[in-house]
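Asker: This is upload38.cif (mmCIF, C-alpha atoms).
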data_protein
loop_
_atom_site.label_atom_id
_atom_site.label_comp_id
_atom_site.auth_asym_id
_atom_site.auth_seq_id
_atom_site.Cartn_x
_atom_site.Cartn_y
_atom_site.Cartn_z
CA MET X 250 118.02 93.01 126.95
CA LYS X 251 119.29 95.04 124.00
CA ALA X 252 115.92 94.80 122.24
CA PHE X 253 114.13 95.95 125.41
CA LEU X 254 116.46 98.96 125.77
CA ILE X 255 115.80 99.92 122.14
CA PHE X 256 112.07 99.65 122.83
CA LEU X 257 112.43 101.92 125.88
CA LEU X 258 114.31 104.47 123.76
CA LYS X 259 111.60 104.39 121.09
CA LEU X 260 108.95 104.70 123.80
CA ALA X 261 110.71 107.79 125.18
CA LEU X 262 110.96 109.31 121.68
CA THR X 263 107.28 108.52 121.07
CA GLY X 264 106.32 110.35 124.25
CA LEU X 265 108.55 113.30 123.36
CA CYS X 266 107.07 113.61 119.87
CA LEU X 267 103.52 113.36 121.22
CA TRP X 268 104.30 116.08 123.77
CA TRP X 269 105.68 118.25 120.96
CA ALA X 270 102.56 117.70 118.84
CA PHE X 271 100.14 118.35 121.72
CA SER X 272 102.07 121.39 122.95
CA HIS X 273 100.29 123.51 120.32
CA VAL X 274 96.86 121.94 120.83
CA ALA X 275 94.13 123.92 122.57
CA ILE X 276 92.55 120.99 124.41
CA ASP X 277 89.44 122.94 125.43
CA ARG X 278 88.63 123.62 121.75
CA SER X 279 89.50 120.14 120.50
CA ILE X 280 87.50 117.02 119.75
CA PHE X 281 89.32 115.33 122.67
CA THR X 282 86.92 117.05 125.11
CA ARG X 283 83.88 116.40 122.86
CA PRO X 284 83.97 112.72 121.80
CA GLY X 285 80.29 112.89 120.95
CA ALA X 286 81.13 115.28 118.10
CA ILE X 287 83.06 112.60 116.20
CA ASP X 288 81.37 111.60 112.95
CA TYR X 289 81.44 107.82 113.26
CA GLY X 290 80.20 107.41 109.70
CA TRP X 291 83.41 108.92 108.37
CA LEU X 292 85.38 106.89 110.90
CA ALA X 293 83.76 103.68 109.63
CA ALA X 294 84.54 104.70 106.04
CA GLY X 295 88.17 105.21 107.07
CA ALA X 296 88.26 101.73 108.63
CA VAL X 297 86.88 100.21 105.41
CA LEU X 298 89.52 101.99 103.33
CA ALA X 299 92.23 100.86 105.76
CA GLY X 300 90.99 97.29 105.31
CA ILE X 301 91.18 97.67 101.54
CA SER X 302 94.70 99.06 101.93
CA ILE X 303 95.98 96.15 104.02
CA SER X 304 94.33 93.65 101.65
CA LEU X 305 96.09 95.28 98.71
CA GLN X 306 99.35 95.23 100.66
CA GLY X 307 98.90 91.48 101.11
CA MET X 308 98.15 91.13 97.40
CA ARG X 309 101.34 93.04 96.53
CA TRP X 310 103.44 90.68 98.62
CA TRP X 311 101.57 87.71 97.14
CA LEU X 312 102.55 88.83 93.63
CA PHE X 313 106.23 89.01 94.64
CA LEU X 314 105.96 85.54 96.18
CA ARG X 315 104.39 84.27 92.96
CA GLY X 316 107.26 85.87 91.05
CA GLN X 317 109.57 83.51 92.97
CA ALA X 318 107.30 80.55 92.08
CA LEU X 319 106.27 80.14 95.71
CA ASP X 320 102.81 78.60 95.97
CA VAL X 321 101.03 80.75 98.58
CA SER X 322 97.32 81.53 98.54
CA LEU X 323 96.21 85.15 98.39
CA GLY X 324 94.20 84.69 101.58
CA ARG X 325 97.25 83.44 103.47
CA ALA X 326 99.33 86.38 102.23
CA VAL X 327 96.69 88.86 103.44
CA GLU X 328 96.39 87.04 106.77
CA LEU X 329 100.16 87.18 107.34
CA THR X 330 100.20 90.85 106.36
CA MET X 331 97.64 91.57 109.08
CA ILE X 332 99.77 89.65 111.59
CA ASP X 333 102.74 91.73 110.35
CA SER X 334 100.76 94.87 111.25
CA LEU X 335 100.12 93.50 114.72
CA PHE X 336 103.80 92.79 115.42
CA SER X 337 104.89 96.10 113.88
CA LEU X 338 102.52 97.87 116.25
CA ALA X 339 103.49 95.94 119.39
CA SER X 340 107.09 94.90 118.81
CA VAL X 341 108.40 94.76 122.38
CA SER X 342 110.48 91.59 122.17
CA GLY X 343 112.39 92.66 119.07
CA LEU X 344 110.31 90.43 116.77
CA GLY X 345 109.07 92.83 114.13
CA GLY X 346 106.32 92.43 111.56
CA ASP X 347 108.61 91.30 108.75
CA ALA X 348 110.25 88.69 110.96
CA ALA X 349 106.82 87.38 112.01
CA ARG X 350 105.54 86.82 108.49
CA ILE X 351 108.86 85.30 107.37
CA ILE X 352 108.87 82.86 110.30
CA LEU X 353 105.24 81.87 109.79
CA LEU X 354 105.65 81.32 106.06
CA ILE X 355 108.84 79.29 106.55
CA ARG X 356 106.76 76.78 108.51
CA ASP X 357 104.56 76.33 105.43
CA HIS X 358 107.57 76.27 103.06
CA PRO X 359 110.66 74.87 104.82
CA GLY X 360 113.93 75.44 103.03
CA LYS X 361 112.69 78.65 101.38
CA LYS X 362 113.91 81.14 103.99
CA LEU X 363 116.05 83.19 101.60
CA VAL X 364 113.35 83.29 98.91
CA ILE X 365 110.69 84.39 101.42
CA ALA X 366 112.95 87.03 102.97
CA LEU X 367 113.83 88.39 99.54
CA ALA X 368 110.15 88.55 98.55
CA VAL X 369 109.51 90.63 101.70
CA MET X 370 112.37 92.95 100.71
CA ALA X 371 111.05 93.23 97.14
CA ASP X 372 107.64 94.05 98.61
CA HIS X 373 109.19 96.92 100.61
CA LEU X 374 111.12 98.16 97.57
CA ALA X 375 107.90 98.28 95.54
CA GLY X 376 106.30 100.29 98.34
CA LEU X 377 109.24 102.69 98.40
CA VAL X 378 109.20 103.15 94.61
CA SER X 379 105.44 103.79 94.47
CA LEU X 380 105.59 106.19 97.44
CA ALA X 381 108.50 108.12 95.91
CA LEU X 382 106.80 108.36 92.50
CA VAL X 383 103.55 109.60 94.07
CA PHE X 384 105.51 112.19 96.07
CA PHE X 385 107.43 113.50 93.05
CA ILE X 386 104.29 113.58 90.87
CA ILE X 387 102.49 115.61 93.55
CA SER X 388 105.56 117.84 93.94
CA VAL X 389 105.38 118.71 90.24
CA ALA X 390 101.59 119.08 90.11
CA ARG X 391 101.37 121.22 93.26
CA PHE X 392 104.83 122.75 93.34
CA GLU X 393 103.75 126.24 94.47
CA ALA X 394 101.58 124.96 97.33
CA ILE X 395 104.23 122.52 98.56
CA ALA X 396 107.09 125.03 98.20
CA ASN X 397 105.22 127.72 100.16
CA GLN X 398 105.77 126.20 103.60
CA SER X 399 106.80 127.28 107.06
CA ILE X 400 110.47 126.87 107.98
CA LEU X 401 109.81 123.48 109.58
CA GLY X 402 107.53 122.46 106.72
CA ARG X 403 110.17 123.32 104.11
CA GLY X 404 112.74 121.33 106.07
CA VAL X 405 110.44 118.30 106.11
CA ILE X 406 109.75 118.57 102.37
CA HIS X 407 113.45 118.93 101.51
CA PHE X 408 114.30 115.92 103.67
CA ALA X 409 111.61 113.91 101.85
CA TRP X 410 113.10 114.88 98.47
CA PHE X 411 116.52 113.58 99.49
CA TYR X 412 115.19 110.54 101.37
CA LEU X 413 112.83 109.31 98.67
CA GLY X 414 115.20 110.30 95.84
CA GLY X 415 117.96 108.32 97.55
CA GLY X 416 115.57 105.39 97.91
CA LEU X 417 114.84 105.37 94.19
CA ALA X 418 118.57 105.52 93.42
CA THR X 419 119.23 102.59 95.78
CA VAL X 420 116.56 100.45 94.12
CA LEU X 421 118.04 101.25 90.71
CA VAL X 422 121.54 100.27 91.85
CA ILE X 423 120.24 96.98 93.30
CA PHE X 424 118.67 95.93 90.02
CA ILE X 425 121.64 97.06 87.95
CA CYS X 426 123.93 94.92 90.14
CA ALA X 427 121.49 92.01 89.78
CA SER X 428 121.47 92.18 85.96
CA PRO X 429 123.35 89.24 84.39
CA PRO X 430 126.22 91.21 82.73
CA VAL X 431 127.06 93.18 85.89
CA HIS X 432 126.48 90.17 88.13
CA ARG X 433 128.87 88.00 86.08
CA ARG X 434 131.50 90.72 86.17
CA ILE X 435 131.23 91.19 89.95
CA HIS X 436 131.50 87.46 90.62
CA GLY X 437 134.05 86.66 87.94
CA LYS X 438 136.92 84.39 89.00
CA ASP X 439 134.87 83.35 92.06
CA ARG X 440 135.76 86.52 93.98
CA PHE X 441 133.13 85.81 96.62
CA ALA X 442 133.17 82.01 96.57
CA ARG X 443 133.34 81.92 100.37
CA PHE X 444 130.08 83.88 100.61
CA PRO X 445 127.58 82.07 98.36
CA ILE X 446 124.69 84.23 99.60
CA MET X 447 126.25 87.25 97.83
CA LYS X 448 125.75 85.39 94.58
CA GLN X 449 122.34 83.94 95.40
CA VAL X 450 120.64 87.21 96.35
CA PRO X 451 121.27 89.06 93.04
CA GLU X 452 120.19 85.95 91.13
CA LEU X 453 116.91 85.88 93.05
CA TYR X 454 116.36 89.59 92.39
CA ASP X 455 116.94 88.98 88.69
CA VAL X 456 113.95 86.63 88.74
CA TYR X 457 111.75 89.74 88.77
CA ARG X 458 113.32 90.89 85.52
CA LYS X 459 112.42 87.56 83.95
CA ASN X 460 108.97 87.46 85.57
CA TRP X 461 108.43 91.17 85.09
CA ARG X 462 104.61 90.86 84.98
CA PHE X 463 104.56 90.03 88.69
CA ALA X 464 106.85 92.95 89.52
CA VAL X 465 104.81 95.41 87.44
CA GLY X 466 101.58 94.01 88.89
CA GLY X 467 102.95 94.46 92.42
CA LEU X 468 103.89 98.06 91.65
CA LEU X 469 100.43 98.85 90.24
CA VAL X 470 98.74 97.29 93.26
CA SER X 471 101.02 99.40 95.45
CA PHE X 472 99.65 102.61 93.91
CA LEU X 473 96.09 101.47 94.66
CA MET X 474 97.13 100.52 98.20
CA LEU X 475 98.58 103.99 98.83
CA GLY X 476 95.42 105.60 97.50
CA ALA X 477 93.25 103.64 99.95
CA PHE X 478 95.69 104.20 102.84
CA PHE X 479 95.94 107.96 102.29
CA SER X 480 92.16 108.22 101.87
CA SER X 481 91.64 106.58 105.29
CA TYR X 482 93.39 109.61 106.82
CA TYR X 483 91.15 111.97 104.85
CA CYS X 484 88.20 110.15 106.42
CA GLY X 485 89.88 110.62 109.80
CA MET X 486 90.08 114.35 109.05
CA ARG X 487 86.37 114.52 108.26
CA ALA X 488 85.49 112.38 111.27
CA VAL X 489 86.93 114.98 113.68
CA GLY X 490 85.34 117.92 111.89
CA GLY X 491 88.24 118.94 109.66
CA THR X 492 87.35 120.62 106.36
CA ALA X 493 90.68 120.34 104.54
CA ALA X 494 90.33 119.47 100.87
CA TYR X 495 91.07 115.91 99.77
CA GLY X 496 93.94 117.19 97.61
CA ALA X 497 95.63 118.84 100.60
CA VAL X 498 95.55 115.62 102.66
CA ILE X 499 96.80 113.50 99.75
CA SER X 500 99.60 116.02 99.10
CA ALA X 501 100.84 115.75 102.67
CA MET X 502 100.49 112.00 103.16
CA PRO X 503 103.49 110.75 101.09
CA VAL X 504 105.85 112.87 103.22
CA ILE X 505 104.10 111.89 106.46
CA ASP X 506 104.11 108.19 105.55
CA ALA X 507 107.76 108.18 104.49
CA ILE X 508 109.12 109.90 107.61
CA SER X 509 106.81 108.26 110.17
CA GLY X 510 107.81 104.89 108.71
CA MET X 511 111.38 105.43 109.91
CA PRO X 512 112.16 103.50 113.15
CA ILE X 513 112.11 106.59 115.35
CA SER X 514 109.03 105.94 117.46
CA ILE X 515 106.61 103.07 118.11
CA ALA X 516 104.55 102.59 114.94
CA GLY X 517 105.33 106.20 113.96
CA VAL X 518 103.13 107.56 116.77
CA GLY X 519 104.03 111.13 117.70
CA VAL X 520 106.13 111.69 114.58
CA ARG X 521 103.03 111.26 112.40
CA GLU X 522 100.97 113.61 114.54
CA LYS X 523 103.58 116.38 114.50
CA LEU X 524 104.06 116.09 110.73
CA PHE X 525 100.30 116.12 110.22
CA GLU X 526 100.03 119.25 112.36
CA VAL X 527 102.79 121.11 110.46
CA LEU X 528 101.91 120.13 106.90
CA MET X 529 98.13 120.41 107.20
CA HIS X 530 98.48 123.88 108.72
CA ASP X 531 100.82 124.93 105.88
CA LEU X 532 98.72 123.39 103.08
CA ALA X 533 95.18 124.03 104.32
CA GLY X 534 95.32 126.19 107.44
CA VAL X 535 94.06 123.34 109.64
CA PRO X 536 94.26 124.18 113.39
CA PRO X 537 96.72 122.03 115.38
CA GLU X 538 94.00 120.44 117.51
CA THR X 539 92.12 119.28 114.40
CA ALA X 540 95.23 118.06 112.59
CA VAL X 541 96.50 116.00 115.55
CA ALA X 542 93.04 114.52 116.14
CA ALA X 543 92.72 113.69 112.43
CA SER X 544 96.07 111.90 112.46
CA LEU X 545 95.08 109.82 115.49
CA ALA X 546 91.69 109.02 113.94
CA GLY X 547 93.32 107.82 110.71
CA PHE X 548 95.81 105.79 112.70
CA ALA X 549 92.95 104.22 114.70
CA CYS X 550 91.28 103.12 111.44
CA ASN X 551 94.43 101.19 110.54
CA VAL X 552 95.09 99.86 114.05
CA PHE X 553 91.67 98.21 113.90
CA TRP X 554 93.01 95.79 111.28
CA ALA X 555 96.13 95.08 113.32
CA GLY X 556 93.74 94.03 116.07
CA LEU X 557 92.08 91.58 113.69
CA GLY X 558 95.57 90.29 112.92
CA ALA X 559 95.72 89.24 116.58
CA LEU X 560 92.71 86.98 115.96
CA PHE X 561 94.54 85.26 113.09
CA PHE X 562 97.63 84.88 115.25
CA LEU X 563 95.59 83.05 117.89
CA LYS X 564 95.65 79.99 115.64
CA LYS X 565 97.70 77.35 117.44
CA ARG X 566 99.91 76.59 114.43
CA ASP X 567 101.08 80.19 114.03
CA ARG X 568 101.61 80.77 117.75
CA LEU X 569 103.74 77.65 118.05
CA SER X 570 105.74 78.56 114.93
CA VAL X 571 106.83 81.87 116.42
CA ALA X 572 107.50 80.34 119.84
CA GLU X 573 109.70 77.58 118.40
CA LEU X 574 111.66 79.69 115.93
CA THR X 575 112.46 82.72 118.12
#
Here is the file; what I need is its structure written in the form of structure tokens.

Answerer:
Amino acid sequence: MKAFLIFLLKLALTGLCLWWAFSHVAIDRSIFTRPGAIDYGWLAAGAVLAGISISLQGMRWWLFLRGQALDVSLGRAVELTMIDSLFSLASVSGLGGDAARIILLIRDHPGKKLVIALAVMADHLAGLVSLALVFFIISVARFEAIANQSILGRGVIHFAWFYLGGGLATVLVIFICASPPVHRRIHGKDRFARFPIMKQVPELYDVYRKNWRFAVGGLLVSFLMLGAFFSSYYCGMRAVGGTAAYGAVISAMPVIDAISGMPISIAGVGVREKLFEVLMHDLAGVPPETAVAASLAGFACNVFWAGLGALFFLKKRDRLSVAELT
């Protein structure tokens, strides 16, 4: 019941954000009344880039699993990542994407629940680090363009600086606490003997210091993944007739991705469209109707692969695993 109420709240917030985004859209001048004007070639290119992005996301997770010496094939990691996208998009029962891939992989590797869960967390941390670094690099390279925003745009940018900067600081603290000298000091004299998990988790994180090649490889793959993901939204922009430069779209996307990834609405819908409208108008003078349509087109390119994740989930073994373990 609690999960359903949370879903209803997110649904209401999604509707509110969509209303806010569409409140500035001139429907009669938009692509929404002229579907035949959509450039399906650009839309197909966006779908291809979204597929590359989700494959690289699966590869990133696979590298962190390998860092924990967990024998998982790359194909299985990509397959579970696509199922993750499906559950993240349609999480009504409270079973989110991360929970789905953890449950399904536990069936293949019983007794490895903590290792699998930690690899998922490390995967997210790598995504956060790469996103933050891309954002700060763009902030330095295009400081004048990013700083010259509307009041709402400046507020969004400032929030992203604090949010992503805080994320980097949190990751740094986690790995400092997991380092052997600090870890031994924290757990000296068996201070937390009653809670063995508090000792196990830092030790598992420290594995990535020892197997640093997998961690570095995962981070490098994450940069490539972000490039493909952001580019799919540029294709969405071109598909609906937008003429914003590639650099403008890429400059806005780290902020849009970071904030829309927060659990405010369903799959970031509504939040993403409003941010796209504000930032693309500030950076490139894109009309609201084009910006909102471009955001939805880019999102559609990525939703396509979540739909394919449903086909993987139709396998009897995976469906039964989720049914038995939830």

Asker: Hey, what comes out of the PyMOL selection byres ((chain X and resi 365) around 8) on this file? Could you write it as a PyMOL selection string?

Answerer: chain X and resi 314+351+354-355+361-364+366-369

Asker: Next, dump the selected residues to file, keeping only C-alpha atoms, as a PDB file, keeping the file's coordinate frame.

Answerer:
ATOM      1  CA  LEU X 314     105.960  85.540  96.180  1.00  0.00           C
ATOM      2  CA  ILE X 351     108.860  85.300 107.370  1.00  0.00           C
ATOM      3  CA  LEU X 354     105.650  81.320 106.060  1.00  0.00           C
ATOM      4  CA  ILE X 355     108.840  79.290 106.550  1.00  0.00           C
ATOM      5  CA  LYS X 361     112.690  78.650 101.380  1.00  0.00           C
ATOM      6  CA  LYS X 362     113.910  81.140 103.990  1.00  0.00           C
ATOM      7  CA  LEU X 363     116.050  83.190 101.600  1.00  0.00           C
ATOM      8  CA  VAL X 364     113.350  83.290  98.910  1.00  0.00           C
ATOM      9  CA  ALA X 366     112.950  87.030 102.970  1.00  0.00           C
ATOM     10  CA  LEU X 367     113.830  88.390  99.540  1.00  0.00           C
ATOM     11  CA  ALA X 368     110.150  88.550  98.550  1.00  0.00           C
ATOM     12  CA  VAL X 369     109.510  90.630 101.700  1.00  0.00           C
TER      13      VAL X 369
END

Asker: Could you tell me which residues the PyMOL selection byres ((chain X and resi 541) around 8) returns for this structure, as a list in words?

Answerer: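 Answer for the PyMOL selection byres ((chain X and resi 541) around 8): Ala270, Phe271, Val274, Glu522, Lys523, Phe525, Glu526, Pro537, Glu538, Thr539, Ala540, Ala542, Ala543, Ser544 and Leu545 of chain X.
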
Asker: For each of X:Met308, X:Val297, X:Ala409, X:Leu468, take the minimum atom-to-atom distance to Val378 of chain X, counting only C-alpha atoms, then give the residue where this is smallest.

Answerer: X:Leu468

Asker: Report, in Å with one decimal, the straight-line distance from atom CA of Tyr483 of chain X to atom CA of Tyr495 of chain X.

Answerer: 6.4 Å

Asker: If the PyMOL selection byres ((chain X and resi 326) around 10) is run on the structure shown, which residues does it catch, given as a PyMOL selection string?

Answerer: chain X and resi 304+306-312+314+321-325+327-332+350+354

Asker: Export, as a tab-separated table (two decimals), in the coordinates of the input, the selected residues with C-alpha atoms.

Answerer:
chain	number	residue	atom	x	y	z
X	304	SER	CA	94.33	93.65	101.65
X	306	GLN	CA	99.35	95.23	100.66
X	307	GLY	CA	98.90	91.48	101.11
X	308	MET	CA	98.15	91.13	97.40
X	309	ARG	CA	101.34	93.04	96.53
X	310	TRP	CA	103.44	90.68	98.62
X	311	TRP	CA	101.57	87.71	97.14
X	312	LEU	CA	102.55	88.83	93.63
X	314	LEU	CA	105.96	85.54	96.18
X	321	VAL	CA	101.03	80.75	98.58
X	322	SER	CA	97.32	81.53	98.54
X	323	LEU	CA	96.21	85.15	98.39
X	324	GLY	CA	94.20	84.69	101.58
X	325	ARG	CA	97.25	83.44	103.47
X	327	VAL	CA	96.69	88.86	103.44
X	328	GLU	CA	96.39	87.04	106.77
X	329	LEU	CA	100.16	87.18	107.34
X	330	THR	CA	100.20	90.85	106.36
X	331	MET	CA	97.64	91.57	109.08
X	332	ILE	CA	99.77	89.65	111.59
X	350	ARG	CA	105.54	86.82	108.49
X	354	LEU	CA	105.65	81.32	106.06

Asker: Could you list as a PyMOL selection string every residue that has an atom within 12 Å of (100.6, 110.4, 113.1), using the file's coordinates and counting all atoms listed in the file?

Answerer: chain X and resi 263+266-267+270-271+482+485-486+501-502+504-510+514-529+540-552

Asker: Take segment 522-552 of chain X, bring it up to N, CA and C atoms, and give me the output as a PDB file, in the coordinates of the input.

Answerer:
ATOM      1  N   GLU X 522     101.857 112.543 114.086  1.00  0.00           N
ATOM      2  CA  GLU X 522     100.970 113.610 114.540  1.00  0.00           C
ATOM      3  C   GLU X 522     101.605 114.994 114.364  1.00  0.00           C
ATOM      4  N   LYS X 523     102.908 115.091 114.656  1.00  0.00           N
ATOM      5  CA  LYS X 523     103.580 116.380 114.500  1.00  0.00           C
ATOM      6  C   LYS X 523     103.667 116.771 113.027  1.00  0.00           C
ATOM      7  N   LEU X 524     103.988 115.809 112.160  1.00  0.00           N
ATOM      8  CA  LEU X 524     104.060 116.090 110.730  1.00  0.00           C
ATOM      9  C   LEU X 524     102.695 116.494 110.190  1.00  0.00           C
ATOM     10  N   PHE X 525     101.659 115.795 110.647  1.00  0.00           N
ATOM     11  CA  PHE X 525     100.300 116.120 110.220  1.00  0.00           C
ATOM     12  C   PHE X 525      99.953 117.546 110.630  1.00  0.00           C
ATOM     13  N   GLU X 526     100.315 117.905 111.862  1.00  0.00           N
ATOM     14  CA  GLU X 526     100.030 119.250 112.360  1.00  0.00           C
ATOM     15  C   GLU X 526     100.720 120.314 111.504  1.00  0.00           C
ATOM     16  N   VAL X 527     102.019 120.108 111.210  1.00  0.00           N
ATOM     17  CA  VAL X 527     102.790 121.110 110.460  1.00  0.00           C
ATOM     18  C   VAL X 527     102.303 121.220 109.025  1.00  0.00           C
ATOM     19  N   LEU X 528     102.216 120.090 108.337  1.00  0.00           N
ATOM     20  CA  LEU X 528     101.910 120.130 106.900  1.00  0.00           C
ATOM     21  C   LEU X 528     100.461 120.509 106.625  1.00  0.00           C
ATOM     22  N   MET X 529      99.515 120.044 107.448  1.00  0.00           N
ATOM     23  CA  MET X 529      98.130 120.410 107.200  1.00  0.00           C
ATOM     24  C   MET X 529      97.868 121.880 107.519  1.00  0.00           C
ATOM     25  N   HIS X 530      98.609 122.440 108.472  1.00  0.00           N
ATOM     26  CA  HIS X 530      98.480 123.880 108.720  1.00  0.00           C
ATOM     27  C   HIS X 530      99.047 124.658 107.545  1.00  0.00           C
ATOM     28  N   ASP X 531     100.197 124.223 107.008  1.00  0.00           N
ATOM     29  CA  ASP X 531     100.820 124.930 105.880  1.00  0.00           C
ATOM     30  C   ASP X 531      99.992 124.812 104.603  1.00  0.00           C
ATOM     31  N   LEU X 532      99.423 123.630 104.342  1.00  0.00           N
ATOM     32  CA  LEU X 532      98.720 123.390 103.080  1.00  0.00           C
ATOM     33  C   LEU X 532      97.259 123.826 103.104  1.00  0.00           C
ATOM     34  N   ALA X 533      96.626 123.762 104.281  1.00  0.00           N
ATOM     35  CA  ALA X 533      95.180 124.030 104.320  1.00  0.00           C
ATOM     36  C   ALA X 533      94.746 124.867 105.504  1.00  0.00           C
ATOM     37  N   GLY X 534      95.691 125.363 106.306  1.00  0.00           N
ATOM     38  CA  GLY X 534      95.320 126.190 107.440  1.00  0.00           C
ATOM     39  C   GLY X 534      94.555 125.447 108.521  1.00  0.00           C
ATOM     40  N   VAL X 535      94.771 124.142 108.643  1.00  0.00           N
ATOM     41  CA  VAL X 535      94.060 123.340 109.640  1.00  0.00           C
ATOM     42  C   VAL X 535      94.623 123.631 111.035  1.00  0.00           C
ATOM     43  N   PRO X 536      93.773 123.920 112.026  1.00  0.00           N
ATOM     44  CA  PRO X 536      94.260 124.180 113.390  1.00  0.00           C
ATOM     45  C   PRO X 536      94.983 122.950 113.958  1.00  0.00           C
ATOM     46  N   PRO X 537      95.967 123.152 114.821  1.00  0.00           N
ATOM     47  CA  PRO X 537      96.720 122.030 115.380  1.00  0.00           C
ATOM     48  C   PRO X 537      95.851 120.965 116.041  1.00  0.00           C
ATOM     49  N   GLU X 538      94.833 121.408 116.808  1.00  0.00           N
ATOM     50  CA  GLU X 538      94.000 120.440 117.510  1.00  0.00           C
ATOM     51  C   GLU X 538      93.230 119.532 116.543  1.00  0.00           C
ATOM     52  N   THR X 539      92.831 120.085 115.396  1.00  0.00           N
ATOM     53  CA  THR X 539      92.120 119.280 114.400  1.00  0.00           C
ATOM     54  C   THR X 539      93.079 118.350 113.669  1.00  0.00           C
ATOM     55  N   ALA X 540      94.263 118.863 113.323  1.00  0.00           N
ATOM     56  CA  ALA X 540      95.230 118.060 112.590  1.00  0.00           C
ATOM     57  C   ALA X 540      95.710 116.862 113.415  1.00  0.00           C
ATOM     58  N   VAL X 541      96.028 117.092 114.684  1.00  0.00           N
ATOM     59  CA  VAL X 541      96.500 116.000 115.550  1.00  0.00           C
ATOM     60  C   VAL X 541      95.391 114.969 115.743  1.00  0.00           C
ATOM     61  N   ALA X 542      94.168 115.438 115.967  1.00  0.00           N
ATOM     62  CA  ALA X 542      93.040 114.520 116.140  1.00  0.00           C
ATOM     63  C   ALA X 542      92.790 113.721 114.861  1.00  0.00           C
ATOM     64  N   ALA X 543      92.923 114.374 113.704  1.00  0.00           N
ATOM     65  CA  ALA X 543      92.720 113.690 112.430  1.00  0.00           C
ATOM     66  C   ALA X 543      93.763 112.594 112.220  1.00  0.00           C
ATOM     67  N   SER X 544      95.004 112.891 112.585  1.00  0.00           N
ATOM     68  CA  SER X 544      96.070 111.900 112.460  1.00  0.00           C
ATOM     69  C   SER X 544      95.791 110.688 113.339  1.00  0.00           C
ATOM     70  N   LEU X 545      95.381 110.922 114.574  1.00  0.00           N
ATOM     71  CA  LEU X 545      95.080 109.820 115.490  1.00  0.00           C
ATOM     72  C   LEU X 545      93.866 109.027 115.026  1.00  0.00           C
ATOM     73  N   ALA X 546      92.875 109.719 114.443  1.00  0.00           N
ATOM     74  CA  ALA X 546      91.690 109.020 113.940  1.00  0.00           C
ATOM     75  C   ALA X 546      92.050 108.122 112.759  1.00  0.00           C
ATOM     76  N   GLY X 547      92.880 108.637 111.835  1.00  0.00           N
ATOM     77  CA  GLY X 547      93.320 107.820 110.710  1.00  0.00           C
ATOM     78  C   GLY X 547      94.137 106.630 111.163  1.00  0.00           C
ATOM     79  N   PHE X 548      94.990 106.870 112.159  1.00  0.00           N
ATOM     80  CA  PHE X 548      95.810 105.790 112.700  1.00  0.00           C
ATOM     81  C   PHE X 548      94.915 104.724 113.348  1.00  0.00           C
ATOM     82  N   ALA X 549      93.878 105.155 114.052  1.00  0.00           N
ATOM     83  CA  ALA X 549      92.950 104.220 114.700  1.00  0.00           C
ATOM     84  C   ALA X 549      92.259 103.332 113.666  1.00  0.00           C
ATOM     85  N   CYS X 550      91.911 103.901 112.509  1.00  0.00           N
ATOM     86  CA  CYS X 550      91.280 103.120 111.440  1.00  0.00           C
ATOM     87  C   CYS X 550      92.180 101.973 111.006  1.00  0.00           C
ATOM     88  N   ASN X 551      93.479 102.218 110.970  1.00  0.00           N
ATOM     89  CA  ASN X 551      94.430 101.190 110.540  1.00  0.00           C
ATOM     90  C   ASN X 551      94.782 100.226 111.664  1.00  0.00           C
ATOM     91  N   VAL X 552      94.818 100.724 112.904  1.00  0.00           N
ATOM     92  CA  VAL X 552      95.090  99.860 114.050  1.00  0.00           C
ATOM     93  C   VAL X 552      93.994  98.810 114.209  1.00  0.00           C
TER      94      VAL X 552
END
